[in-house]
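Asker: Pasting a structure below so you can have a look.
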Amino acid sequence: MPAQGGAVSQGLNGGCATCNTGGGSTEATPTPGRTGLVSAAPIAGPPKTWSTGLKKILAIRLDFPDLIDIRTSDAGQKMMDGVLRQKYHDSSYGKTDLQSTVTPVVYRLPHDAGYYATSNSIWTLIQNDATPLAAANYDLAAYDRIAFSFPSLKDVPGSTVRAMSHAQYGGKYMWLNGGGFGFYTVAHELGHTYGLRHANRWKVPDGNPVNSKGRSEEYADNFDIMGDTGDPTLRDFNPWFKSLLGWMDGHVQTVTVNGTYRVNRFDNTPAATGILALKIRKNNALDYWISYRLQLRGKSCYKGRSLYRLGTRRHHGNQ
């Protein structure tokens with residue numbers, strides 16, 4: 001199935017993928033679930049110690065002398081202890097967990113908002129000024145991830161800020177520009193710190209998901225937390241990403257010969273069961289990943305033929 005594709009069908013509780021390395025069409029029936037085909041560069045993931053186990057998160061709330069945040073920490077703490085923790089625990093099949101602290105105190109940065117917003121080093125400036133303020137009350141070295149949350153600088157006159165939020169790819173820090181703790185924003189930026197880039201969509205002109213004339217649309221994987229649309233609480237990380245993070249060890253089967261293979265739903269339960277994805281080498285640069293997931297409801301989750309066809313996707317980015 002590498003370069004030309006193979007027929008894929010699916011059942012109620014799992015999918016049977018018939019892989020034909022000699023060619024054929026690639027289609028998927030949209031009900032009752034969805035089978036996905038991902039084209040992915042075979043790269044290495046972060047060290048397993050970085051993406052598995054308990055991660056302690058400190059969210060430092062900040063504001064500016066001329067841009068004050070009057071919100072409380074209650075909503076942010078509730079979201080991080082609730083839906084965010086549950087999503088990461090379930091998506092990783094229990095391989096990672098979160099313990100979050102949202103500072104009840106809002107630390108005031110020493111400069112007006114414009115000082116930071118008009119700088120090309122905004123993220124570094126905020127980190128450098130916020131760190132000693134929070135260090136007076138917290139041992140920052142004891143936390144695996146640190147988030148800086150502050151009122152939006154996007155509309156400050158002369159602002160250089162183009163992204164609502166930002167994170168270090170495979171690093172410790174993330175910046176929540178806007179001061180809120182929306183699930184999608186925090187889950188997405190946290191994914192970057194785990195070592196994930198953006199989930200893209202391979203858009204093709206003719207419905208053939210392996211057409212080499214397609215193009216990569218950044219953020220456009222509507223079914224992934226590292227994408228940008230749809231209901232974020234229903235989305236999951238795709239199996240390739242989960243494999244990179246060490247969350248699917250023992251549940252990915254590499255296909256090298258023709259045959260029929262059973263693939264279980266990868267978003268069905270917090271406990272991984274059986275084979276959750278098939279990996280097929282296309283060439284030295286790309287692999288195909290085949291997976292099966294619960295069908296999402298709501299038209300906003302689907303675009304064009306992506307509901308009915310197996311789409312190839314490539315991934316990069318860090319905002």
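Naming scheme: A, B, ... for chains in displayed order of the structure tokens; residues 1 onward per chain; ligands 1 onward as shown.
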What are the closest atom pairs, with distances in Å to one decimal, for all residues of range 143-240 of chain A lying within 8 Å of range 108-116 of chain A? Consider only C-alpha atoms, order rows by chain and residue number, and present the result as a tab-separated table.

Answerer:
residue	atom	partner	partner_atom	distance
A:Leu153	CA	A:Ala113	CA	6.9
A:Val156	CA	A:Gly114	CA	6.4
A:Pro157	CA	A:Gly114	CA	7.2
A:Gly158	CA	A:Gly114	CA	7.7
A:Ser159	CA	A:Gly114	CA	7.2

Asker: Include C-alpha atoms and write out the residues we just selected as an mmCIF file, in the first residue's frame.

Answerer:
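Saved as part_19.cif:
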data_model
loop_
_atom_site.group_PDB
_atom_site.id
_atom_site.type_symbol
_atom_site.label_atom_id
_atom_site.label_comp_id
_atom_site.auth_asym_id
_atom_site.auth_seq_id
_atom_site.Cartn_x
_atom_site.Cartn_y
_atom_site.Cartn_z
ATOM 1 C CA LEU A 153 -1.134 42.406 23.985
ATOM 2 C CA VAL A 156 -1.659 47.394 22.051
ATOM 3 C CA PRO A 157 -0.541 50.207 19.663
ATOM 4 C CA GLY A 158 2.544 49.100 17.747
ATOM 5 C CA SER A 159 2.227 45.515 18.969
#

Asker: Can you list, as JSON, numbers by chain, every protein, DNA or RNA residue that comes within 8 Å of Ile126 in chain A when you count only C-alpha atoms, leaving out same-chain residues fewer than 2 positions away?

Answerer: {"A": [109, 116, 122, 123, 124, 128, 129, 130, 148]}

Asker: Could the residues in this selection be written to a file with all heavy atoms, as an mmCIF file, in the first residue's frame?

Answerer:
data_model
loop_
_atom_site.group_PDB
_atom_site.id
_atom_site.type_symbol
_atom_site.label_atom_id
_atom_site.label_comp_id
_atom_site.auth_asym_id
_atom_site.auth_seq_id
_atom_site.Cartn_x
_atom_site.Cartn_y
_atom_site.Cartn_z
ATOM 1 N N LEU A 109 3.895 42.985 36.343
ATOM 2 C CA LEU A 109 5.180 43.168 35.674
ATOM 3 C C LEU A 109 5.651 44.613 35.823
ATOM 4 O O LEU A 109 4.829 45.530 35.979
ATOM 5 C CB LEU A 109 5.057 42.784 34.201
ATOM 6 C CG LEU A 109 4.825 41.279 33.958
ATOM 7 C CD1 LEU A 109 4.407 41.015 32.518
ATOM 8 C CD2 LEU A 109 6.070 40.481 34.303
ATOM 9 N N TYR A 116 6.497 45.568 26.338
ATOM 10 C CA TYR A 116 6.609 44.171 25.917
ATOM 11 C C TYR A 116 6.025 43.970 24.516
ATOM 12 O O TYR A 116 6.622 43.289 23.673
ATOM 13 C CB TYR A 116 5.882 43.265 26.915
ATOM 14 C CG TYR A 116 6.393 43.390 28.328
ATOM 15 C CD1 TYR A 116 5.765 44.235 29.245
ATOM 16 C CD2 TYR A 116 7.509 42.678 28.755
ATOM 17 C CE1 TYR A 116 6.232 44.358 30.545
ATOM 18 C CE2 TYR A 116 7.989 42.797 30.055
ATOM 19 C CZ TYR A 116 7.346 43.644 30.948
ATOM 20 O OH TYR A 116 7.821 43.768 32.230
ATOM 21 N N ILE A 122 9.367 39.688 22.921
ATOM 22 C CA ILE A 122 8.294 39.783 23.910
ATOM 23 C C ILE A 122 8.274 38.608 24.870
ATOM 24 O O ILE A 122 8.174 38.776 26.088
ATOM 25 C CB ILE A 122 6.919 39.923 23.216
ATOM 26 C CG1 ILE A 122 5.791 39.811 24.253
ATOM 27 C CG2 ILE A 122 6.741 38.948 22.092
ATOM 28 C CD1 ILE A 122 4.409 39.980 23.685
ATOM 29 N N TRP A 123 8.393 37.386 24.351
ATOM 30 C CA TRP A 123 8.260 36.204 25.211
ATOM 31 C C TRP A 123 9.411 36.133 26.216
ATOM 32 O O TRP A 123 9.200 35.823 27.397
ATOM 33 C CB TRP A 123 8.213 34.938 24.361
ATOM 34 C CG TRP A 123 7.306 35.026 23.173
ATOM 35 C CD1 TRP A 123 7.667 34.926 21.854
ATOM 36 C CD2 TRP A 123 5.892 35.259 23.170
ATOM 37 N NE1 TRP A 123 6.573 35.072 21.040
ATOM 38 C CE2 TRP A 123 5.465 35.280 21.818
ATOM 39 C CE3 TRP A 123 4.943 35.451 24.169
ATOM 40 C CZ2 TRP A 123 4.139 35.484 21.452
ATOM 41 C CZ3 TRP A 123 3.612 35.656 23.810
ATOM 42 C CH2 TRP A 123 3.228 35.673 22.473
ATOM 43 N N THR A 124 10.607 36.447 25.760
ATOM 44 C CA THR A 124 11.769 36.420 26.650
ATOM 45 C C THR A 124 11.682 37.508 27.713
ATOM 46 O O THR A 124 12.004 37.278 28.886
ATOM 47 C CB THR A 124 13.060 36.589 25.839
ATOM 48 O OG1 THR A 124 13.153 35.531 24.880
ATOM 49 C CG2 THR A 124 14.286 36.554 26.743
ATOM 50 N N ASN A 128 11.652 36.772 31.668
ATOM 51 C CA ASN A 128 12.728 37.292 32.520
ATOM 52 C C ASN A 128 12.195 38.140 33.668
ATOM 53 O O ASN A 128 12.733 38.101 34.789
ATOM 54 C CB ASN A 128 13.711 38.106 31.680
ATOM 55 C CG ASN A 128 14.547 37.239 30.762
ATOM 56 O OD1 ASN A 128 14.602 36.019 30.912
ATOM 57 N ND2 ASN A 128 15.200 37.863 29.791
ATOM 58 N N ASP A 129 11.142 38.929 33.405
ATOM 59 C CA ASP A 129 10.600 39.791 34.454
ATOM 60 C C ASP A 129 9.663 39.038 35.399
ATOM 61 O O ASP A 129 9.550 39.381 36.580
ATOM 62 C CB ASP A 129 9.849 40.971 33.825
ATOM 63 C CG ASP A 129 10.798 42.009 33.234
ATOM 64 O OD1 ASP A 129 12.011 41.943 33.543
ATOM 65 O OD2 ASP A 129 10.343 42.866 32.450
ATOM 66 N N ALA A 130 8.979 38.022 34.879
ATOM 67 C CA ALA A 130 8.018 37.286 35.707
ATOM 68 C C ALA A 130 8.692 36.273 36.625
ATOM 69 O O ALA A 130 8.211 36.011 37.738
ATOM 70 C CB ALA A 130 7.004 36.572 34.815
ATOM 71 N N PHE A 148 2.968 31.372 31.452
ATOM 72 C CA PHE A 148 2.801 32.776 31.820
ATOM 73 C C PHE A 148 1.494 33.256 31.193
ATOM 74 O O PHE A 148 1.348 33.253 29.970
ATOM 75 C CB PHE A 148 3.974 33.613 31.306
ATOM 76 C CG PHE A 148 5.319 33.146 31.803
ATOM 77 C CD1 PHE A 148 6.146 32.395 30.977
ATOM 78 C CD2 PHE A 148 5.754 33.446 33.081
ATOM 79 C CE1 PHE A 148 7.387 31.955 31.417
ATOM 80 C CE2 PHE A 148 6.994 33.006 33.535
ATOM 81 C CZ PHE A 148 7.813 32.260 32.701
#

Asker: Mind listing the alpha helix (DSSP H) residues of range 68-312 of chain A, per DSSP on the backbone, as a PyMOL selection string?

Answerer: chain A and resi 74-79+85-91+113-117+122-135+183-194+239-244

Asker: Would you pick out the contacts of Leu176 in chain A at 8 Å or less, using only C-alpha atoms, so that residues sharing its chain but fewer than 4 positions from it are not included, and give the list as a PDB file with C-alpha atoms, in the first residue's frame?

Answerer:
ATOM      1  CA  ALA A 147       2.872  28.974  31.772  1.00  0.00           C
ATOM      2  CA  PHE A 148       2.801  32.776  31.820  1.00  0.00           C
ATOM      3  CA  SER A 149      -0.766  34.089  31.545  1.00  0.00           C
ATOM      4  CA  PHE A 150      -1.404  37.793  30.909  1.00  0.00           C
ATOM      5  CA  MET A 164      -2.737  34.530  20.610  1.00  0.00           C
ATOM      6  CA  SER A 165      -0.343  32.256  22.485  1.00  0.00           C
ATOM      7  CA  HIS A 166       3.090  30.717  22.142  1.00  0.00           C
ATOM      8  CA  GLY A 180      -7.668  33.227  29.926  1.00  0.00           C
ATOM      9  CA  PHE A 181      -7.500  29.490  30.438  1.00  0.00           C
ATOM     10  CA  THR A 185      -5.442  27.118  23.935  1.00  0.00           C
ATOM     11  CA  VAL A 186      -3.839  25.469  26.950  1.00  0.00           C
TER      12      VAL A 186
END

Asker: With only C-alpha atoms as the basis for distance, which of A:Ser73, A:His192, A:Glu217, A:Ser100 is at the shortest distance from Val204 in chain A?

Answerer: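 Checking each of A:Ser73, A:His192, A:Glu217, A:Ser100 against Val204 in chain A, counting only C-alpha atoms, the winner is A:Glu217.
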
Asker: By how many Å are CA of Arg215 in chain A and CA of Arg197 in chain A apart?

Answerer: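 Going from CA of Arg215 in chain A over to CA of Arg197 in chain A covers 17.2 Å.
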
Asker: Restricting the calculation to only C-alpha atoms, which member of A:Asn137, A:Ser291, A:Thr118, A:Gln127 is positioned closest to Lys154 in chain A?

Answerer: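 Looking only at the distances to Lys154 in chain A, the closest residue turns out to be A:Thr118.
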
Asker: To one decimal place, how far is CA of Ile60 in chain A from CA of Ala134 in chain A in Å?

Answerer: 7.1 Å
